[in-house]
>>> print(open('query-v9.txt').read())   # compact mmCIF, C-alpha atoms
# COMPACT_ATOMS: atom_id res chain seq x y z
CA MET A 1 -20.20 16.96 41.31
CA GLY A 2 -19.60 20.49 39.82
CA MET A 3 -22.20 22.30 37.74
CA THR A 4 -21.91 21.95 33.97
CA THR A 5 -22.13 24.86 31.54
CA SER A 6 -25.60 23.76 30.44
CA SER A 7 -26.83 23.64 34.09
CA VAL A 8 -25.66 27.23 34.66
CA ARG A 9 -27.45 28.39 31.52
CA ARG A 10 -30.70 26.70 32.56
CA ARG A 11 -30.54 28.29 36.08
CA ARG A 12 -29.97 31.74 34.55
CA ALA A 13 -32.95 31.24 32.20
CA GLY A 14 -35.15 30.31 35.18
CA SER A 15 -34.11 33.43 37.08
CA ALA A 16 -34.98 35.57 34.08
CA VAL A 17 -38.44 34.00 33.88
CA THR A 18 -39.09 34.61 37.56
CA ALA A 19 -38.05 38.27 37.30
CA ALA A 20 -40.31 38.80 34.29
CA VAL A 21 -43.30 37.27 36.08
CA LEU A 22 -42.82 39.43 39.20
CA GLY A 23 -42.48 42.57 37.10
CA LEU A 24 -45.69 41.89 35.20
CA LEU A 25 -47.65 41.11 38.40
CA ALA A 26 -46.48 44.33 39.99
CA ALA A 27 -47.58 46.31 36.93
CA ALA A 28 -51.00 44.66 37.03
CA ALA A 29 -51.50 45.37 40.77
CA ALA A 30 -50.78 49.12 40.51
CA PRO A 31 -54.17 50.17 38.97
CA ALA A 32 -56.09 48.03 41.47
CA LEU A 33 -54.37 49.70 44.45
CA ALA A 34 -55.11 53.13 43.04
CA ALA A 35 -58.84 52.29 42.68
CA THR A 36 -59.24 51.35 46.40
CA ASP A 37 -57.77 54.49 47.97
CA GLY A 38 -61.22 55.41 49.51
CA PRO A 39 -62.79 54.04 52.63
CA ALA A 40 -62.63 50.31 53.04
CA GLY A 41 -65.15 48.44 50.94
CA HIS A 42 -66.07 51.52 48.81
CA PRO A 43 -64.49 52.55 45.55
CA ALA A 44 -63.00 56.02 45.40
CA ALA A 45 -65.11 58.73 43.85
CA GLY A 46 -64.82 58.75 40.09
CA ALA A 47 -63.15 55.33 39.94
CA PRO A 48 -64.24 53.35 36.83
CA THR A 49 -66.33 50.31 37.63
CA GLY A 50 -64.35 48.11 35.17
CA SER A 51 -60.95 48.63 36.84
CA ALA A 52 -61.04 45.35 38.75
CA HIS A 53 -61.89 43.41 35.60
CA GLY A 54 -59.09 45.15 33.71
CA ALA A 55 -56.60 44.32 36.44
CA ALA A 56 -57.63 40.68 36.29
CA ARG A 57 -57.19 40.60 32.52
CA THR A 58 -53.79 42.23 32.81
CA GLU A 59 -52.70 39.68 35.40
CA ALA A 60 -53.83 36.83 33.14
CA GLN A 61 -51.91 38.30 30.20
CA ALA A 62 -48.85 38.65 32.38
CA HIS A 63 -49.15 35.00 33.41
CA THR A 64 -49.45 33.95 29.74
CA THR A 65 -46.44 36.06 28.79
CA ALA A 66 -44.40 34.57 31.64
CA GLN A 67 -45.30 31.08 30.44
CA GLY A 68 -44.14 31.99 26.94
CA VAL A 69 -40.86 33.33 28.26
CA GLN A 70 -40.34 30.19 30.35
CA GLY A 71 -41.17 27.99 27.32
CA SER A 72 -38.62 29.90 25.24
CA ALA A 73 -35.98 29.35 27.90
CA HIS A 74 -36.77 25.65 28.02
CA GLY A 75 -36.67 25.51 24.21
CA ALA A 76 -33.26 27.17 24.20
CA ALA A 77 -32.02 24.65 26.75
CA ARG A 78 -33.38 21.78 24.64
CA THR A 79 -31.72 23.22 21.50
CA GLU A 80 -28.40 23.46 23.34
CA ALA A 81 -28.73 19.89 24.57
CA GLN A 82 -29.56 18.69 21.06
CA ALA A 83 -26.56 20.55 19.65
CA HIS A 84 -24.32 18.93 22.29
CA THR A 85 -25.72 15.49 21.43
CA THR A 86 -25.20 16.11 17.70
CA ALA A 87 -21.60 17.18 18.31
CA GLN A 88 -21.00 14.06 20.39
CA GLY A 89 -22.48 11.93 17.61
CA ALA A 90 -20.30 13.56 14.95
CA GLN A 91 -17.22 13.09 17.10
CA GLY A 92 -18.13 9.46 17.68
CA SER A 93 -18.65 8.93 13.94
CA ALA A 94 -15.25 10.46 13.18
CA HIS A 95 -13.57 8.20 15.74
CA ALA A 96 -15.39 5.17 14.35
CA ALA A 97 -14.35 6.06 10.79
CA ALA A 98 -10.73 6.47 11.87
CA ARG A 99 -10.80 3.12 13.67
CA THR A 100 -12.32 1.42 10.61
CA GLU A 101 -9.73 2.93 8.24
CA ALA A 102 -6.83 1.97 10.51
CA HIS A 103 -8.18 -1.57 10.85
CA THR A 104 -8.64 -1.90 7.08
CA THR A 105 -5.12 -0.61 6.37
CA ALA A 106 -3.54 -2.93 8.91
CA ARG A 107 -5.53 -5.90 7.65
CA GLY A 108 -4.48 -5.15 4.03
CA ALA A 109 -0.81 -4.98 5.04
CA VAL A 110 -1.02 -8.32 6.85
CA GLU A 111 -2.84 -9.98 3.97
CA GLY A 112 -0.33 -8.58 1.43
CA ALA A 113 2.61 -9.90 3.46
CA ALA A 114 0.92 -13.29 3.75
CA ARG A 115 0.47 -13.56 -0.03
CA THR A 116 4.18 -13.01 -0.87
CA PRO A 117 6.81 -14.59 1.44
CA LEU A 118 9.75 -12.50 2.67
CA GLY A 119 12.23 -15.35 2.23
CA ILE A 120 14.65 -15.41 -0.71
CA THR A 121 13.76 -18.29 -2.99
CA ARG A 122 16.54 -20.28 -4.69
CA LEU A 123 14.51 -23.28 -5.83
CA ALA A 124 12.91 -24.26 -9.13
CA GLN A 125 9.22 -25.17 -9.18
CA GLY A 126 8.29 -28.82 -9.41
CA PRO A 127 9.57 -32.08 -7.90
CA GLY A 128 12.61 -34.08 -8.92
CA HIS A 129 14.64 -32.90 -11.90
CA ALA A 130 13.48 -29.30 -12.29
CA VAL A 131 15.73 -26.36 -13.13
CA ALA A 132 15.02 -22.62 -13.37
CA ILE A 133 17.12 -20.60 -15.82
CA THR A 134 17.44 -16.90 -14.94
CA ILE A 135 18.91 -14.20 -17.17
CA ASP A 136 20.17 -10.92 -15.66
CA ASP A 137 21.10 -7.32 -16.52
CA GLY A 138 19.24 -6.89 -19.81
CA PRO A 139 17.57 -6.22 -21.98
CA ASP A 140 20.41 -5.60 -24.41
CA PRO A 141 19.85 -4.96 -28.15
CA ARG A 142 22.71 -7.24 -29.18
CA TRP A 143 22.58 -10.14 -26.71
CA THR A 144 18.94 -10.46 -25.61
CA PRO A 145 17.72 -11.48 -29.10
CA GLN A 146 20.44 -14.13 -29.29
CA VAL A 147 19.57 -15.53 -25.85
CA LEU A 148 15.88 -15.59 -26.83
CA GLN A 149 16.74 -17.52 -29.98
CA VAL A 150 18.68 -20.20 -28.04
CA LEU A 151 15.85 -20.56 -25.52
CA ARG A 152 13.31 -20.85 -28.32
CA GLN A 153 15.30 -23.55 -30.08
CA ASN A 154 15.47 -25.60 -26.87
CA HIS A 155 11.85 -25.00 -25.83
CA VAL A 156 12.96 -23.40 -22.58
CA LYS A 157 11.11 -20.76 -20.58
CA ALA A 158 13.31 -18.59 -18.38
CA THR A 159 13.05 -15.68 -15.95
CA PHE A 160 14.54 -12.38 -17.15
CA CYS A 161 15.74 -10.05 -14.37
CA MET A 162 15.74 -6.67 -16.07
CA ILE A 163 17.33 -3.37 -15.10
CA GLY A 164 14.66 -0.67 -15.18
CA THR A 165 16.61 1.88 -17.21
CA ASN A 166 17.43 -0.79 -19.84
CA ALA A 167 13.75 -1.76 -20.03
CA GLN A 168 12.90 1.91 -20.47
CA LYS A 169 15.45 2.24 -23.26
CA TYR A 170 14.47 -0.96 -25.10
CA PRO A 171 10.75 -1.57 -24.46
CA GLU A 172 10.41 -3.63 -27.63
CA LEU A 173 12.81 -6.22 -26.15
CA VAL A 174 10.76 -6.39 -22.94
CA ARG A 175 7.71 -7.09 -25.09
CA ALA A 176 9.60 -9.76 -27.04
CA VAL A 177 10.59 -11.53 -23.82
CA ALA A 178 7.02 -11.45 -22.51
CA ALA A 179 5.60 -12.56 -25.86
CA ASP A 180 7.75 -15.71 -25.74
CA GLY A 181 6.21 -16.67 -22.41
CA HIS A 182 9.15 -15.89 -20.15
CA ARG A 183 8.69 -14.45 -16.65
CA LEU A 184 9.76 -10.93 -15.67
CA CYS A 185 11.84 -9.94 -12.67
CA ASP A 186 12.70 -6.47 -11.32
CA HIS A 187 16.48 -6.06 -11.00
CA SER A 188 16.22 -2.46 -9.66
CA ALA A 189 16.23 0.76 -11.65
CA ASP A 190 20.01 1.31 -11.97
CA HIS A 191 21.70 -1.91 -10.73
CA ASP A 192 23.43 -0.18 -7.82
CA VAL A 193 25.30 -3.03 -6.11
CA THR A 194 25.86 -0.83 -3.05
CA MET A 195 22.17 -0.08 -2.49
CA ASP A 196 22.12 -2.35 0.56
CA HIS A 197 24.22 0.35 2.29
CA LYS A 198 21.88 3.16 1.26
CA PRO A 199 18.84 4.57 3.11
CA VAL A 200 15.60 2.64 2.97
CA ALA A 201 13.95 5.44 0.96
CA TYR A 202 16.63 5.01 -1.72
CA GLN A 203 16.19 1.23 -1.80
CA ARG A 204 12.42 1.65 -2.09
CA LYS A 205 12.77 4.06 -5.01
CA GLN A 206 15.20 1.78 -6.84
CA ILE A 207 12.89 -1.22 -6.46
CA LEU A 208 9.59 0.47 -7.27
CA ASP A 209 10.99 2.58 -10.12
CA GLY A 210 12.55 -0.52 -11.69
CA LYS A 211 9.25 -2.37 -11.57
CA ALA A 212 7.35 0.61 -12.98
CA MET A 213 9.77 0.94 -15.91
CA ILE A 214 9.34 -2.73 -16.82
CA GLN A 215 5.55 -2.58 -16.52
CA LYS A 216 5.37 0.53 -18.66
CA ALA A 217 6.93 -1.44 -21.52
CA VAL A 218 4.41 -4.28 -21.17
CA PRO A 219 1.24 -3.00 -19.48
CA GLY A 220 -0.77 -5.71 -17.79
CA VAL A 221 2.09 -8.24 -17.59
CA ALA A 222 3.07 -9.29 -14.06
CA VAL A 223 6.52 -8.69 -12.58
CA ASP A 224 6.69 -11.71 -10.28
CA TYR A 225 10.16 -11.44 -8.74
CA TYR A 226 12.72 -9.00 -7.40
CA ARG A 227 16.45 -9.78 -7.49
CA ALA A 228 18.78 -7.39 -5.68
CA PRO A 229 21.83 -6.20 -7.67
CA GLY A 230 24.70 -8.52 -6.75
CA GLY A 231 22.35 -10.35 -4.41
CA ALA A 232 22.65 -7.49 -1.91
CA PHE A 233 19.30 -7.97 -0.19
CA THR A 234 18.34 -6.28 3.07
CA PRO A 235 15.33 -6.96 5.30
CA ASP A 236 13.91 -3.62 4.13
CA SER A 237 14.40 -4.33 0.43
CA ARG A 238 12.74 -7.73 0.81
CA ALA A 239 9.83 -6.10 2.62
CA VAL A 240 9.43 -3.48 -0.14
CA ALA A 241 9.46 -6.21 -2.79
CA THR A 242 6.88 -8.37 -1.06
CA GLU A 243 4.61 -5.39 -0.41
CA SER A 244 4.60 -4.92 -4.19
CA GLY A 245 3.79 -8.59 -4.82
CA MET A 246 7.31 -9.61 -5.90
CA GLN A 247 9.08 -12.70 -4.54
CA PRO A 248 12.72 -12.02 -3.53
CA LEU A 249 14.78 -14.17 -5.89
CA GLY A 250 18.27 -15.56 -5.37
CA TRP A 251 20.16 -18.36 -7.14
CA SER A 252 21.89 -21.63 -6.30
CA VAL A 253 24.29 -22.00 -9.27
CA ASP A 254 26.48 -19.09 -10.46
CA PRO A 255 28.97 -19.77 -13.29
CA LYS A 256 30.15 -16.13 -13.13
CA ASP A 257 29.59 -15.74 -16.83
CA TRP A 258 29.49 -11.96 -16.35
CA SER A 259 33.28 -12.03 -15.71
CA ARG A 260 33.90 -13.86 -19.00
CA PRO A 261 36.01 -16.69 -17.49
CA GLY A 262 35.94 -18.64 -20.76
CA LEU A 263 33.48 -21.16 -22.16
CA PRO A 264 35.04 -24.26 -20.49
CA ALA A 265 34.86 -22.60 -17.05
CA ILE A 266 31.22 -21.67 -17.49
CA VAL A 267 30.21 -25.10 -18.75
CA SER A 268 32.15 -26.84 -16.00
CA ALA A 269 30.42 -24.71 -13.33
CA VAL A 270 26.90 -25.38 -14.57
CA GLU A 271 27.43 -29.06 -15.40
CA GLY A 272 28.99 -29.87 -12.04
CA LYS A 273 27.07 -31.40 -9.16
CA LEU A 274 23.73 -29.61 -9.19
CA PRO A 275 21.70 -29.02 -6.05
CA GLN A 276 18.10 -30.16 -5.86
CA GLN A 277 15.79 -27.93 -7.94
CA PRO A 278 18.55 -25.48 -8.94
CA THR A 279 18.14 -21.86 -10.00
CA VAL A 280 20.96 -21.08 -12.45
CA LEU A 281 22.25 -17.56 -13.09
CA PHE A 282 23.22 -16.22 -16.54
CA HIS A 283 23.46 -12.72 -18.04
CA ASP A 284 22.31 -11.06 -21.25
CA GLY A 285 23.46 -7.53 -20.39
CA GLY A 286 26.37 -5.59 -18.92
CA GLY A 287 29.00 -6.35 -21.55
CA ASP A 288 30.10 -8.94 -24.08
CA ARG A 289 27.88 -11.99 -23.56
CA SER A 290 29.13 -14.17 -26.40
CA GLU A 291 30.42 -16.75 -23.88
CA THR A 292 26.99 -16.89 -22.24
CA VAL A 293 25.24 -17.53 -25.54
CA ALA A 294 27.74 -20.28 -26.39
CA ALA A 295 27.36 -21.84 -22.93
CA LEU A 296 23.55 -21.90 -23.19
CA LYS A 297 23.82 -23.67 -26.55
CA GLN A 298 25.68 -26.51 -24.82
CA TYR A 299 24.06 -26.47 -21.41
CA LEU A 300 20.38 -26.55 -22.30
CA PRO A 301 20.58 -29.72 -24.45
CA TRP A 302 22.79 -31.31 -21.75
CA LEU A 303 20.08 -30.70 -19.12
CA SER A 304 17.33 -32.02 -21.38
CA ALA A 305 19.31 -35.20 -22.06
CA ARG A 306 19.47 -35.83 -18.31
CA GLY A 307 15.74 -35.50 -17.82
CA TYR A 308 15.56 -31.99 -16.38
CA ALA A 309 12.35 -30.04 -16.80
CA PHE A 310 12.63 -26.27 -17.23
CA THR A 311 10.41 -24.32 -14.86
CA PHE A 312 10.30 -20.99 -13.03
CA PRO A 313 11.53 -20.18 -9.52
CA VAL A 314 9.07 -21.00 -6.74
CA ARG A 315 7.12 -18.17 -5.15
CA ALA A 316 7.37 -19.36 -1.55
CA THR A 317 9.79 -19.31 1.37
CA PRO A 318 12.31 -22.16 0.94
>>> encode(input="query-v9.txt", output="structure tokens")
Amino acid sequence: MGMTTSSVRRRRAGSAVTAAVLGLLAAAAAPALAATDGPAGHPAAGAPTGSAHGAARTEAQAHTTAQGVQGSAHGAARTEAQAHTTAQGAQGSAHAAARTEAHTTARGAVEGAARTPLGITRLAQGPGHAVAITIDDGPDPRWTPQVLQVLRQNHVKATFCMIGTNAQKYPELVRAVAADGHRLCDHSADHDVTMDHKPVAYQRKQILDGKAMIQKAVPGVAVDYYRAPGGAFTPDSRAVATESGMQPLGWSVDPKDWSRPGLPAIVSAVEGKLPQQPTVLFHDGGGDRSETVAALKQYLPWLSARGYAFTFPVRATP
């Protein structure tokens, strides 16, 4: 196995200690050799009698100094090792934090998707004779108050799918709808019926901006559904809606009242053979809605007489 950087540093520190010790011992031996230049066993003339003791003391000091130098080298090595360990610990903590954050984010995305199904719901809540009335393209200062009045007279709660820019323009109507106990639905910011052919970033902005505009008019009130303009859903738009807690909402009965086909045509379409738990589509915005108001005046009492209960669309995959 090759030598690590720390091993090289420790070997160099040891070499330095050894060199220092040898240098000090040589310096201590020099006076002793000078004092014994005379005949063997006799000190040279004039040599001080304390020279041997001084040499011994010098040697001891040198030994002590060498120990200090060696201890310093060991201390430096320990400091380096501690710094390496600290760096490893910090790196490990950063990796652990990143793993925890990624796990939390992924878990939140899974839980959010589980709470709101991706499927487009077309059913009314409740068993048996239940019907969900949905009103699109408002709010409108002329037609929304009239629709609200008809609903109030028939004790019906509906779901209003609002265009964001209309909600921004008429916030008092959004508040009136919410105050009457109706549910709110995001119908995009600008009602672009070609948005299913646009980039995902554009779809996301249309959906989230529409919701934000509605919520700004009625802070604290939930926007439970998202209905694509013209029903032009994409897998991406459904995913964006569900991530924001909105159930993708379709319909099962469409009298095409927006095209103003005439009151008999509208009534015939909605009073025909109804599917189980129908979601019926009407409009209070986008043009003259006098035929819609007239149709609701006939249709709602007709449903009540046949035992239908008025509910909201289900928030689950059909």
>>> closest_atom_pairs(input="query-v9.txt", of="region 279-301 of chain A", to="region 161-179 of chain A", cutoff="10 Å", atoms="only C-alpha atoms", output="tab-separated table")
residue	atom	partner	partner_atom	distance
A:Phe282	CA	A:Cys161	CA	9.9
A:His283	CA	A:Cys161	CA	9.0
A:Asp284	CA	A:Met162	CA	9.4
A:Gly285	CA	A:Met162	CA	8.9
>>> closest_residue(input="query-v9.txt", among="A:Val223, A:Ser259, A:His129, A:Leu123", to="Gly287 (chain A)", atoms="only C-alpha atoms")
A:Ser259
>>> atom_distance(input="query-v9.txt", atom1="CA of Ile120 (chain A)", atom2="CA of Trp302 (chain A)")
27.6 Å
>>> closest_residue(input="query-v9.txt", among="A:Arg204, A:Lys198, A:Lys297, A:Arg152", to="Asp180 (chain A)", atoms="all atoms listed in the file")
A:Arg152
>>> closest_residue(input="query-v9.txt", among="A:Met213, A:Met246, A:Val200, A:Val147", to="Cys185 (chain A)", atoms="all atoms listed in the file")
A:Met246
>>> atom_distance(input="query-v9.txt", atom1="CA of Ser188 (chain A)", atom2="CA of Thr121 (chain A)")
17.4 Å
>>> closest_residue(input="query-v9.txt", among="A:Arg260, A:Lys205, A:Arg238, A:Arg183", to="Val221 (chain A)", atoms="all atoms listed in the file")
A:Arg183
>>> closest_residue(input="query-v9.txt", among="A:Gln215, A:Ala130, A:Val270, A:Trp258", to="Ala309 (chain A)", atoms="only C-alpha atoms")
A:Ala130
